[in-house]
$ cat entry.txt   # compact mmCIF, N, CA and C atoms
# COMPACT_ATOMS: atom_id res chain seq x y z
N MET R 1 -4.07 8.18 -33.54
CA MET R 1 -3.42 8.77 -32.38
C MET R 1 -2.00 9.16 -32.73
N ASN R 2 -1.64 10.36 -32.38
CA ASN R 2 -0.26 10.76 -32.61
C ASN R 2 0.57 10.52 -31.36
N ALA R 3 1.86 10.77 -31.48
CA ALA R 3 2.78 10.50 -30.37
C ALA R 3 2.48 11.38 -29.16
N GLN R 4 1.83 12.53 -29.38
CA GLN R 4 1.52 13.44 -28.29
C GLN R 4 0.32 12.98 -27.46
N THR R 5 -0.51 12.14 -28.04
CA THR R 5 -1.72 11.71 -27.36
C THR R 5 -1.35 10.79 -26.19
N GLN R 6 -1.92 11.12 -25.05
CA GLN R 6 -1.63 10.35 -23.85
C GLN R 6 -2.67 9.25 -23.68
N THR R 7 -2.22 8.04 -23.43
CA THR R 7 -3.15 6.95 -23.16
C THR R 7 -3.28 6.80 -21.65
N THR R 8 -4.40 6.25 -21.24
CA THR R 8 -4.65 6.07 -19.82
C THR R 8 -3.71 5.01 -19.26
N ASN R 9 -3.11 5.32 -18.13
CA ASN R 9 -2.20 4.39 -17.47
C ASN R 9 -3.01 3.60 -16.44
N TYR R 10 -3.62 2.52 -16.92
CA TYR R 10 -4.47 1.71 -16.05
C TYR R 10 -3.69 1.03 -14.94
N PHE R 11 -2.42 0.76 -15.16
CA PHE R 11 -1.60 0.14 -14.12
C PHE R 11 -1.50 1.06 -12.90
N LEU R 12 -1.16 2.33 -13.14
CA LEU R 12 -1.04 3.25 -12.01
C LEU R 12 -2.40 3.60 -11.42
N LEU R 13 -3.43 3.67 -12.24
CA LEU R 13 -4.77 3.90 -11.69
C LEU R 13 -5.18 2.75 -10.77
N PHE R 14 -4.94 1.52 -11.22
CA PHE R 14 -5.24 0.34 -10.40
C PHE R 14 -4.44 0.37 -9.11
N ALA R 15 -3.14 0.66 -9.22
CA ALA R 15 -2.28 0.71 -8.04
C ALA R 15 -2.76 1.79 -7.07
N GLY R 16 -3.13 2.94 -7.60
CA GLY R 16 -3.61 4.03 -6.75
C GLY R 16 -4.90 3.68 -6.03
N VAL R 17 -5.83 3.07 -6.74
CA VAL R 17 -7.10 2.67 -6.11
C VAL R 17 -6.85 1.61 -5.05
N CYS R 18 -6.05 0.61 -5.36
CA CYS R 18 -5.75 -0.45 -4.39
C CYS R 18 -5.07 0.11 -3.15
N THR R 19 -4.14 1.02 -3.35
CA THR R 19 -3.42 1.60 -2.22
C THR R 19 -4.35 2.47 -1.38
N ALA R 20 -5.25 3.20 -2.03
CA ALA R 20 -6.23 4.01 -1.30
C ALA R 20 -7.17 3.12 -0.49
N ILE R 21 -7.58 2.00 -1.08
CA ILE R 21 -8.44 1.05 -0.35
C ILE R 21 -7.71 0.51 0.87
N ALA R 22 -6.43 0.19 0.72
CA ALA R 22 -5.64 -0.29 1.86
C ALA R 22 -5.56 0.78 2.94
N ALA R 23 -5.41 2.04 2.55
CA ALA R 23 -5.36 3.13 3.52
C ALA R 23 -6.69 3.24 4.26
N VAL R 24 -7.79 3.14 3.53
CA VAL R 24 -9.12 3.22 4.15
C VAL R 24 -9.32 2.04 5.12
N ALA R 25 -8.85 0.87 4.76
CA ALA R 25 -8.95 -0.29 5.66
C ALA R 25 -8.18 -0.02 6.95
N HIS R 26 -7.02 0.60 6.84
CA HIS R 26 -6.24 0.95 8.03
C HIS R 26 -6.99 1.98 8.89
N ILE R 27 -7.59 2.96 8.24
CA ILE R 27 -8.38 3.96 8.98
C ILE R 27 -9.56 3.27 9.67
N GLY R 28 -10.16 2.29 9.00
CA GLY R 28 -11.24 1.51 9.61
C GLY R 28 -10.79 0.81 10.88
N CYS R 29 -9.56 0.32 10.89
CA CYS R 29 -9.03 -0.31 12.10
C CYS R 29 -8.98 0.68 13.26
N ILE R 30 -8.59 1.90 12.97
CA ILE R 30 -8.53 2.93 14.01
C ILE R 30 -9.94 3.23 14.53
N ILE R 31 -10.88 3.35 13.62
CA ILE R 31 -12.25 3.71 13.99
C ILE R 31 -12.97 2.57 14.70
N PHE R 32 -12.85 1.35 14.16
CA PHE R 32 -13.65 0.23 14.67
C PHE R 32 -12.89 -0.68 15.64
N GLY R 33 -11.60 -0.44 15.82
CA GLY R 33 -10.86 -1.09 16.88
C GLY R 33 -10.49 -2.55 16.69
N ALA R 34 -10.42 -3.25 17.81
CA ALA R 34 -9.88 -4.60 17.89
C ALA R 34 -10.47 -5.59 16.88
N PRO R 35 -11.78 -5.61 16.67
CA PRO R 35 -12.30 -6.58 15.69
C PRO R 35 -11.72 -6.38 14.29
N TRP R 36 -11.51 -5.13 13.92
CA TRP R 36 -10.92 -4.87 12.61
C TRP R 36 -9.44 -5.23 12.60
N TYR R 37 -8.72 -4.93 13.65
CA TYR R 37 -7.31 -5.34 13.71
C TYR R 37 -7.20 -6.85 13.55
N ARG R 38 -8.09 -7.58 14.22
CA ARG R 38 -8.07 -9.04 14.11
C ARG R 38 -8.44 -9.49 12.69
N PHE R 39 -9.51 -8.94 12.15
CA PHE R 39 -9.98 -9.35 10.83
C PHE R 39 -8.91 -9.15 9.77
N PHE R 40 -8.21 -8.03 9.84
CA PHE R 40 -7.20 -7.73 8.83
C PHE R 40 -5.83 -8.32 9.16
N GLY R 41 -5.75 -9.10 10.24
CA GLY R 41 -4.53 -9.85 10.52
C GLY R 41 -3.41 -9.07 11.15
N ALA R 42 -3.74 -8.01 11.87
CA ALA R 42 -2.69 -7.21 12.49
C ALA R 42 -2.04 -7.92 13.67
N GLY R 43 -2.64 -8.98 14.12
CA GLY R 43 -2.07 -9.74 15.23
C GLY R 43 -2.83 -9.49 16.52
N GLU R 44 -2.82 -10.48 17.36
CA GLU R 44 -3.56 -10.41 18.62
C GLU R 44 -3.01 -9.33 19.54
N GLU R 45 -1.70 -9.12 19.49
CA GLU R 45 -1.10 -8.10 20.36
C GLU R 45 -1.65 -6.71 20.03
N MET R 46 -1.73 -6.39 18.74
CA MET R 46 -2.27 -5.08 18.33
C MET R 46 -3.75 -4.99 18.73
N ALA R 47 -4.50 -6.05 18.52
CA ALA R 47 -5.93 -6.04 18.87
C ALA R 47 -6.12 -5.87 20.37
N THR R 48 -5.33 -6.57 21.15
CA THR R 48 -5.43 -6.47 22.61
C THR R 48 -5.08 -5.07 23.08
N MET R 49 -4.02 -4.49 22.52
CA MET R 49 -3.66 -3.11 22.90
C MET R 49 -4.79 -2.14 22.56
N ALA R 50 -5.44 -2.35 21.42
CA ALA R 50 -6.57 -1.49 21.05
C ALA R 50 -7.71 -1.66 22.04
N GLU R 51 -7.99 -2.89 22.46
CA GLU R 51 -9.04 -3.15 23.45
C GLU R 51 -8.72 -2.50 24.79
N GLN R 52 -7.44 -2.43 25.12
CA GLN R 52 -7.02 -1.83 26.38
C GLN R 52 -7.03 -0.30 26.32
N GLY R 53 -7.33 0.24 25.17
CA GLY R 53 -7.37 1.69 25.03
C GLY R 53 -6.01 2.33 24.83
N LEU R 54 -5.00 1.52 24.55
CA LEU R 54 -3.66 2.07 24.31
C LEU R 54 -3.63 2.76 22.95
N ILE R 55 -2.86 3.81 22.85
CA ILE R 55 -2.82 4.60 21.62
C ILE R 55 -1.82 4.03 20.60
N TYR R 56 -0.88 3.22 21.05
CA TYR R 56 0.17 2.71 20.17
C TYR R 56 -0.35 2.09 18.87
N PRO R 57 -1.31 1.15 18.92
CA PRO R 57 -1.74 0.55 17.65
C PRO R 57 -2.36 1.58 16.70
N HIS R 58 -3.04 2.57 17.27
CA HIS R 58 -3.67 3.58 16.44
C HIS R 58 -2.63 4.51 15.79
N ILE R 59 -1.58 4.81 16.52
CA ILE R 59 -0.51 5.65 15.96
C ILE R 59 0.18 4.91 14.82
N VAL R 60 0.56 3.67 15.06
CA VAL R 60 1.22 2.86 14.03
C VAL R 60 0.32 2.76 12.80
N THR R 61 -0.95 2.49 13.02
CA THR R 61 -1.89 2.32 11.92
C THR R 61 -2.12 3.64 11.19
N ALA R 62 -2.17 4.75 11.91
CA ALA R 62 -2.34 6.06 11.28
C ALA R 62 -1.14 6.42 10.41
N VAL R 63 0.06 6.09 10.88
CA VAL R 63 1.27 6.34 10.09
C VAL R 63 1.22 5.51 8.80
N ILE R 64 0.86 4.25 8.91
CA ILE R 64 0.77 3.39 7.73
C ILE R 64 -0.29 3.92 6.77
N ALA R 65 -1.46 4.31 7.29
CA ALA R 65 -2.53 4.85 6.43
C ALA R 65 -2.08 6.11 5.71
N THR R 66 -1.36 6.97 6.41
CA THR R 66 -0.85 8.21 5.80
C THR R 66 0.12 7.91 4.68
N ILE R 67 1.03 6.98 4.92
CA ILE R 67 1.99 6.59 3.88
C ILE R 67 1.25 6.01 2.67
N LEU R 68 0.29 5.15 2.92
CA LEU R 68 -0.47 4.55 1.81
C LEU R 68 -1.23 5.60 1.02
N LEU R 69 -1.81 6.59 1.70
CA LEU R 69 -2.51 7.67 0.99
C LEU R 69 -1.54 8.48 0.14
N LEU R 70 -0.37 8.75 0.68
CA LEU R 70 0.65 9.48 -0.09
C LEU R 70 1.05 8.68 -1.32
N TRP R 71 1.27 7.39 -1.15
CA TRP R 71 1.64 6.53 -2.28
C TRP R 71 0.53 6.50 -3.32
N SER R 72 -0.71 6.48 -2.86
CA SER R 72 -1.84 6.51 -3.78
C SER R 72 -1.81 7.80 -4.60
N CYS R 73 -1.51 8.90 -3.96
CA CYS R 73 -1.40 10.18 -4.67
C CYS R 73 -0.31 10.12 -5.73
N TYR R 74 0.80 9.48 -5.43
CA TYR R 74 1.87 9.34 -6.43
C TYR R 74 1.40 8.50 -7.62
N ALA R 75 0.64 7.46 -7.36
CA ALA R 75 0.11 6.65 -8.47
C ALA R 75 -0.82 7.49 -9.34
N PHE R 76 -1.71 8.24 -8.72
CA PHE R 76 -2.65 9.08 -9.48
C PHE R 76 -1.92 10.20 -10.21
N SER R 77 -0.87 10.71 -9.61
CA SER R 77 -0.07 11.74 -10.27
C SER R 77 0.67 11.16 -11.47
N GLY R 78 1.23 9.97 -11.31
CA GLY R 78 1.91 9.31 -12.42
C GLY R 78 0.95 8.97 -13.56
N ALA R 79 -0.32 8.74 -13.21
CA ALA R 79 -1.35 8.46 -14.21
C ALA R 79 -1.97 9.74 -14.77
N LYS R 80 -1.43 10.88 -14.36
CA LYS R 80 -1.89 12.20 -14.83
C LYS R 80 -3.33 12.50 -14.42
N ARG R 81 -3.74 12.01 -13.26
CA ARG R 81 -5.09 12.30 -12.76
C ARG R 81 -5.08 13.43 -11.74
N ILE R 82 -3.92 13.69 -11.15
CA ILE R 82 -3.73 14.86 -10.29
C ILE R 82 -2.42 15.51 -10.72
N ARG R 83 -2.13 16.68 -10.17
CA ARG R 83 -0.94 17.41 -10.59
C ARG R 83 0.34 16.61 -10.32
N GLN R 84 1.38 16.99 -11.02
CA GLN R 84 2.68 16.32 -10.89
C GLN R 84 3.24 16.56 -9.49
N LEU R 85 3.61 15.50 -8.82
CA LEU R 85 4.22 15.59 -7.50
C LEU R 85 5.74 15.57 -7.65
N PRO R 86 6.46 16.07 -6.65
CA PRO R 86 7.92 16.10 -6.75
C PRO R 86 8.53 14.70 -6.71
N LEU R 87 9.67 14.57 -7.34
CA LEU R 87 10.47 13.34 -7.32
C LEU R 87 9.67 12.12 -7.80
N MET R 88 8.88 12.31 -8.84
CA MET R 88 7.99 11.25 -9.32
C MET R 88 8.71 9.95 -9.66
N LYS R 89 9.76 10.04 -10.44
CA LYS R 89 10.44 8.81 -10.87
C LYS R 89 11.00 8.05 -9.68
N ILE R 90 11.68 8.78 -8.81
CA ILE R 90 12.27 8.14 -7.63
C ILE R 90 11.17 7.55 -6.75
N ALA R 91 10.14 8.34 -6.49
CA ALA R 91 9.06 7.89 -5.60
C ALA R 91 8.38 6.64 -6.15
N LEU R 92 8.02 6.65 -7.42
CA LEU R 92 7.33 5.49 -7.99
C LEU R 92 8.22 4.25 -8.01
N CYS R 93 9.50 4.44 -8.26
CA CYS R 93 10.43 3.29 -8.22
C CYS R 93 10.54 2.73 -6.80
N VAL R 94 10.66 3.62 -5.82
CA VAL R 94 10.78 3.18 -4.43
C VAL R 94 9.49 2.49 -3.97
N ILE R 95 8.34 3.07 -4.31
CA ILE R 95 7.06 2.46 -3.93
C ILE R 95 6.93 1.08 -4.56
N SER R 96 7.26 0.98 -5.85
CA SER R 96 7.22 -0.32 -6.54
C SER R 96 8.10 -1.33 -5.81
N ALA R 97 9.32 -0.91 -5.51
CA ALA R 97 10.28 -1.81 -4.85
C ALA R 97 9.79 -2.25 -3.48
N ILE R 98 9.25 -1.32 -2.70
CA ILE R 98 8.78 -1.67 -1.35
C ILE R 98 7.66 -2.70 -1.42
N PHE R 99 6.68 -2.48 -2.29
CA PHE R 99 5.59 -3.46 -2.42
C PHE R 99 6.12 -4.81 -2.89
N LEU R 100 7.01 -4.81 -3.88
CA LEU R 100 7.54 -6.08 -4.40
C LEU R 100 8.40 -6.80 -3.36
N ILE R 101 9.23 -6.05 -2.65
CA ILE R 101 10.07 -6.66 -1.61
C ILE R 101 9.20 -7.22 -0.50
N ARG R 102 8.18 -6.47 -0.10
CA ARG R 102 7.26 -6.96 0.94
C ARG R 102 6.54 -8.23 0.46
N GLY R 103 6.17 -8.25 -0.80
CA GLY R 103 5.48 -9.42 -1.34
C GLY R 103 6.36 -10.65 -1.40
N ILE R 104 7.60 -10.46 -1.76
CA ILE R 104 8.54 -11.58 -1.90
C ILE R 104 9.20 -11.92 -0.57
N GLY R 105 9.48 -10.92 0.24
CA GLY R 105 10.29 -11.10 1.44
C GLY R 105 9.55 -11.47 2.70
N PHE R 106 8.27 -11.83 2.58
CA PHE R 106 7.49 -12.13 3.78
C PHE R 106 8.10 -13.27 4.60
N VAL R 107 8.78 -14.17 3.94
CA VAL R 107 9.40 -15.31 4.64
C VAL R 107 10.41 -14.81 5.68
N PHE R 108 11.08 -13.72 5.37
CA PHE R 108 12.08 -13.17 6.28
C PHE R 108 11.45 -12.29 7.35
N ILE R 109 10.26 -11.76 7.07
CA ILE R 109 9.58 -10.88 8.02
C ILE R 109 8.79 -11.70 9.04
N MET R 110 8.29 -12.86 8.64
CA MET R 110 7.43 -13.68 9.49
C MET R 110 7.99 -13.94 10.88
N PRO R 111 9.25 -14.30 11.04
CA PRO R 111 9.75 -14.58 12.39
C PRO R 111 9.68 -13.37 13.33
N ALA R 112 9.75 -12.17 12.77
CA ALA R 112 9.70 -10.97 13.61
C ALA R 112 8.28 -10.68 14.09
N ILE R 113 7.28 -11.22 13.37
CA ILE R 113 5.88 -10.97 13.72
C ILE R 113 5.15 -12.32 13.74
N PRO R 114 5.44 -13.16 14.74
CA PRO R 114 4.90 -14.52 14.75
C PRO R 114 3.40 -14.60 15.03
N ASP R 115 2.81 -13.49 15.44
CA ASP R 115 1.39 -13.46 15.79
C ASP R 115 0.46 -13.61 14.58
N ASN R 116 0.95 -13.27 13.41
CA ASN R 116 0.11 -13.30 12.21
C ASN R 116 -0.01 -14.72 11.66
N SER R 117 -1.18 -15.03 11.10
CA SER R 117 -1.43 -16.37 10.55
C SER R 117 -0.76 -16.53 9.19
N MET R 118 -0.61 -17.78 8.78
CA MET R 118 -0.07 -18.05 7.43
C MET R 118 -1.00 -17.50 6.36
N THR R 119 -2.30 -17.56 6.62
CA THR R 119 -3.26 -17.00 5.66
C THR R 119 -2.99 -15.52 5.47
N PHE R 120 -2.78 -14.81 6.59
CA PHE R 120 -2.46 -13.38 6.50
C PHE R 120 -1.23 -13.16 5.63
N TRP R 121 -0.17 -13.93 5.89
CA TRP R 121 1.07 -13.73 5.16
C TRP R 121 0.90 -14.00 3.67
N TRP R 122 0.23 -15.08 3.31
CA TRP R 122 0.06 -15.42 1.89
C TRP R 122 -0.84 -14.41 1.19
N VAL R 123 -1.95 -14.06 1.82
CA VAL R 123 -2.89 -13.12 1.19
C VAL R 123 -2.26 -11.74 1.07
N SER R 124 -1.71 -11.23 2.16
CA SER R 124 -1.14 -9.88 2.12
C SER R 124 0.07 -9.81 1.19
N SER R 125 0.86 -10.85 1.16
CA SER R 125 2.02 -10.86 0.27
C SER R 125 1.61 -10.92 -1.19
N SER R 126 0.58 -11.69 -1.48
CA SER R 126 0.07 -11.75 -2.86
C SER R 126 -0.47 -10.39 -3.29
N ILE R 127 -1.21 -9.75 -2.40
CA ILE R 127 -1.73 -8.41 -2.69
C ILE R 127 -0.58 -7.44 -2.95
N CYS R 128 0.44 -7.50 -2.11
CA CYS R 128 1.60 -6.61 -2.29
C CYS R 128 2.29 -6.86 -3.63
N LEU R 129 2.40 -8.12 -4.02
CA LEU R 129 3.02 -8.43 -5.32
C LEU R 129 2.21 -7.87 -6.48
N VAL R 130 0.90 -8.00 -6.41
CA VAL R 130 0.04 -7.48 -7.48
C VAL R 130 0.13 -5.95 -7.53
N ILE R 131 0.03 -5.31 -6.38
CA ILE R 131 0.11 -3.84 -6.35
C ILE R 131 1.49 -3.38 -6.78
N GLY R 132 2.54 -4.03 -6.29
CA GLY R 132 3.90 -3.67 -6.68
C GLY R 132 4.13 -3.83 -8.16
N GLY R 133 3.59 -4.91 -8.72
CA GLY R 133 3.69 -5.12 -10.16
C GLY R 133 2.98 -4.03 -10.94
N ALA R 134 1.81 -3.62 -10.45
CA ALA R 134 1.06 -2.55 -11.11
C ALA R 134 1.84 -1.23 -11.05
N TYR R 135 2.42 -0.93 -9.89
CA TYR R 135 3.25 0.27 -9.79
C TYR R 135 4.43 0.20 -10.76
N ALA R 136 5.09 -0.95 -10.80
CA ALA R 136 6.28 -1.10 -11.66
C ALA R 136 5.91 -0.97 -13.14
N LEU R 137 4.87 -1.67 -13.56
CA LEU R 137 4.46 -1.60 -14.97
C LEU R 137 3.95 -0.21 -15.33
N GLY R 138 3.19 0.39 -14.41
CA GLY R 138 2.69 1.74 -14.65
C GLY R 138 3.80 2.77 -14.71
N THR R 139 4.80 2.60 -13.85
CA THR R 139 5.94 3.51 -13.85
C THR R 139 6.70 3.39 -15.16
N LYS R 140 6.91 2.16 -15.61
CA LYS R 140 7.59 1.95 -16.90
C LYS R 140 6.82 2.63 -18.03
N LYS R 141 5.51 2.47 -18.02
CA LYS R 141 4.69 3.07 -19.07
C LYS R 141 4.74 4.60 -19.03
N ALA R 142 4.76 5.17 -17.84
CA ALA R 142 4.71 6.63 -17.69
C ALA R 142 6.09 7.29 -17.73
N TRP R 143 7.14 6.50 -17.75
CA TRP R 143 8.50 7.00 -17.53
C TRP R 143 8.84 8.25 -18.34
N SER R 144 8.54 8.26 -19.61
CA SER R 144 8.93 9.39 -20.46
C SER R 144 8.08 10.64 -20.21
N GLN R 145 6.99 10.49 -19.48
CA GLN R 145 6.08 11.61 -19.24
C GLN R 145 6.13 12.15 -17.82
N ILE R 146 6.93 11.53 -16.97
CA ILE R 146 6.99 12.00 -15.58
C ILE R 146 8.35 12.58 -15.26
$ encode --input "entry.txt" --output "C-alpha cells"
Amino acid sequence: MNAQTQTTNYFLLFAGVCTAIAAVAHIGCIIFGAPWYRFFGAGEEMATMAEQGLIYPHIVTAVIATILLLWSCYAFSGAKRIRQLPLMKIALCVISAIFLIRGIGFVFIMPAIPDNSMTFWWVSSSICLVIGGAYALGTKKAWSQI
C-alpha cells in the first residue's frame, strides 16, 4: 500500500451506523408513541404527552432525529462513503465533543430531567461515550483527508 491508498475508517463508519440507529429509534417513538417513549427512557412526562395527543414530544423527537441523521451523514462523509460535506473538521470535532460531554456530563443533566431512571442515564451515557469516542478516533484518523 502506498501513501495514497485510503484505508477504511471503521471508527467513523461505526459512529455513523450507531447514530443512524439512534435516529431511527427516535423516529420509532414518533410512529409508535408512548410505549416507545417509555421503553427508550424519554420519561413519563413525554410519554403522557404523546398519549394525550400533544404534538410537543413528537416535535422535540423529530428535531433530535434530524440532528442525529445529519451527524450520521457527517460520519459517512468523513469515512469517504458519501460526498464531502461542508465544514467537515469543525462538524466532526463538535459532534465528537457533544457525544463525549453528554456521556461524561450526565451527572449534571440528571437534576434537570428527574423523570429518567438511573438505568437510562447509565446506559445512554455509556452509549454516548462509545459513539463519541468513535467519532473522535475516526476524526483523528481522517484528519489529513477531510
$ closest_residue --input "entry.txt" --among "R:Ile30, R:Ala23, R:Leu12, R:Ile113" --to "Leu68 of chain R" --atoms "all atoms listed in the file"
R:Ala23
$ closest_residue --input "entry.txt" --among "R:Gln145, R:Thr19, R:Thr48, R:Ser72" --to "Gly33 of chain R" --atoms "only C-alpha atoms"
R:Thr48
$ atom_distance --input "entry.txt" --atom1 "atom C of Ala47 of chain R" --atom2 "atom CA of Ala34 of chain R"
4.7 Å
$ select_by_dssp --input "entry.txt" --residues "chain R" --states "alpha helix (DSSP H)" --output "PyMOL selection string"
chain R and resi 10-32+34-39+44-51+56-78+88-104+106-109+118-142
$ closest_residue --input "entry.txt" --among "R:Phe120, R:Tyr56, R:Trp143, R:Phe40" --to "Gly78 of chain R" --atoms "all atoms listed in the file"
R:Trp143
$ closest_residue --input "entry.txt" --among "R:Ala79, R:Leu129, R:Leu92, R:Ala50" --to "Phe11 of chain R" --atoms "only C-alpha atoms"
R:Ala79
$ residues_around --input "entry.txt" --residues "Ala136 of chain R" --least-positions-apart "2" --cutoff "7 Å" --atoms "all atoms listed in the file" --output "MDAnalysis selection string"
chainID R and resid 92:93 95:97 131:134 138:141
$ write_last_selection --input "entry.txt" --atoms "N, CA and C atoms" --output "PDB file, in the coordinates of the input"
ATOM      1  N   LEU R  92       8.020   6.650  -7.420  1.00  0.00           N
ATOM      2  CA  LEU R  92       7.330   5.490  -7.990  1.00  0.00           C
ATOM      3  C   LEU R  92       8.220   4.250  -8.010  1.00  0.00           C
ATOM      4  N   CYS R  93       9.500   4.440  -8.260  1.00  0.00           N
ATOM      5  CA  CYS R  93      10.430   3.290  -8.220  1.00  0.00           C
ATOM      6  C   CYS R  93      10.540   2.730  -6.800  1.00  0.00           C
ATOM      7  N   ILE R  95       8.340   3.070  -4.310  1.00  0.00           N
ATOM      8  CA  ILE R  95       7.060   2.460  -3.930  1.00  0.00           C
ATOM      9  C   ILE R  95       6.930   1.080  -4.560  1.00  0.00           C
ATOM     10  N   SER R  96       7.260   0.980  -5.850  1.00  0.00           N
ATOM     11  CA  SER R  96       7.220  -0.320  -6.540  1.00  0.00           C
ATOM     12  C   SER R  96       8.100  -1.330  -5.810  1.00  0.00           C
ATOM     13  N   ALA R  97       9.320  -0.910  -5.510  1.00  0.00           N
ATOM     14  CA  ALA R  97      10.280  -1.810  -4.850  1.00  0.00           C
ATOM     15  C   ALA R  97       9.790  -2.250  -3.480  1.00  0.00           C
ATOM     16  N   ILE R 131       0.030  -5.310  -6.380  1.00  0.00           N
ATOM     17  CA  ILE R 131       0.110  -3.840  -6.350  1.00  0.00           C
ATOM     18  C   ILE R 131       1.490  -3.380  -6.780  1.00  0.00           C
ATOM     19  N   GLY R 132       2.540  -4.030  -6.290  1.00  0.00           N
ATOM     20  CA  GLY R 132       3.900  -3.670  -6.680  1.00  0.00           C
ATOM     21  C   GLY R 132       4.130  -3.830  -8.160  1.00  0.00           C
ATOM     22  N   GLY R 133       3.590  -4.910  -8.720  1.00  0.00           N
ATOM     23  CA  GLY R 133       3.690  -5.120 -10.160  1.00  0.00           C
ATOM     24  C   GLY R 133       2.980  -4.030 -10.940  1.00  0.00           C
ATOM     25  N   ALA R 134       1.810  -3.620 -10.450  1.00  0.00           N
ATOM     26  CA  ALA R 134       1.060  -2.550 -11.110  1.00  0.00           C
ATOM     27  C   ALA R 134       1.840  -1.230 -11.050  1.00  0.00           C
ATOM     28  N   GLY R 138       3.190   0.390 -14.410  1.00  0.00           N
ATOM     29  CA  GLY R 138       2.690   1.740 -14.650  1.00  0.00           C
ATOM     30  C   GLY R 138       3.800   2.770 -14.710  1.00  0.00           C
ATOM     31  N   THR R 139       4.800   2.600 -13.850  1.00  0.00           N
ATOM     32  CA  THR R 139       5.940   3.510 -13.850  1.00  0.00           C
ATOM     33  C   THR R 139       6.700   3.390 -15.160  1.00  0.00           C
ATOM     34  N   LYS R 140       6.910   2.160 -15.610  1.00  0.00           N
ATOM     35  CA  LYS R 140       7.590   1.950 -16.900  1.00  0.00           C
ATOM     36  C   LYS R 140       6.820   2.630 -18.030  1.00  0.00           C
ATOM     37  N   LYS R 141       5.510   2.470 -18.020  1.00  0.00           N
ATOM     38  CA  LYS R 141       4.690   3.070 -19.070  1.00  0.00           C
ATOM     39  C   LYS R 141       4.740   4.600 -19.030  1.00  0.00           C
TER      40      LYS R 141
END
$ residues_around --input "entry.txt" --residues "Ile104 of chain R" --least-positions-apart "4" --cutoff "8 Å" --atoms "all atoms listed in the file" --output "PyMOL selection string"
chain R and resi 98-100+108-109+125-126+128-129
$ decode --input "entry.txt" --residues "segment 59-72 of chain R" --atoms "N, CA and C atoms" --output "tab-separated table (two decimals), in the first residue's frame"
chain	number	residue	atom	x	y	z
R	59	ILE	N	-42.44	16.79	18.11
R	59	ILE	CA	-41.59	17.84	17.52
R	59	ILE	C	-40.18	17.74	18.09
R	60	VAL	N	-40.07	17.63	19.40
R	60	VAL	CA	-38.76	17.50	20.05
R	60	VAL	C	-38.03	16.28	19.50
R	61	THR	N	-38.73	15.17	19.41
R	61	THR	CA	-38.13	13.93	18.94
R	61	THR	C	-37.75	14.02	17.47
R	62	ALA	N	-38.56	14.68	16.66
R	62	ALA	CA	-38.24	14.85	15.24
R	62	ALA	C	-37.00	15.72	15.05
R	63	VAL	N	-36.86	16.75	15.87
R	63	VAL	CA	-35.67	17.60	15.80
R	63	VAL	C	-34.43	16.78	16.16
R	64	ILE	N	-34.52	16.00	17.22
R	64	ILE	CA	-33.38	15.16	17.63
R	64	ILE	C	-33.05	14.16	16.54
R	65	ALA	N	-34.06	13.51	15.96
R	65	ALA	CA	-33.83	12.53	14.89
R	65	ALA	C	-33.16	13.18	13.69
R	66	THR	N	-33.58	14.38	13.34
R	66	THR	CA	-32.99	15.10	12.21
R	66	THR	C	-31.52	15.41	12.48
R	67	ILE	N	-31.23	15.88	13.67
R	67	ILE	CA	-29.84	16.18	14.04
R	67	ILE	C	-29.00	14.91	13.98
R	68	LEU	N	-29.52	13.82	14.52
R	68	LEU	CA	-28.77	12.56	14.51
R	68	LEU	C	-28.53	12.07	13.08
R	69	LEU	N	-29.51	12.21	12.20
R	69	LEU	CA	-29.32	11.82	10.80
R	69	LEU	C	-28.25	12.68	10.13
R	70	LEU	N	-28.27	13.97	10.41
R	70	LEU	CA	-27.24	14.86	9.86
R	70	LEU	C	-25.86	14.45	10.37
R	71	TRP	N	-25.75	14.16	11.65
R	71	TRP	CA	-24.47	13.74	12.22
R	71	TRP	C	-24.01	12.43	11.60
R	72	SER	N	-24.95	11.53	11.35
R	72	SER	CA	-24.61	10.27	10.70
R	72	SER	C	-24.04	10.53	9.31
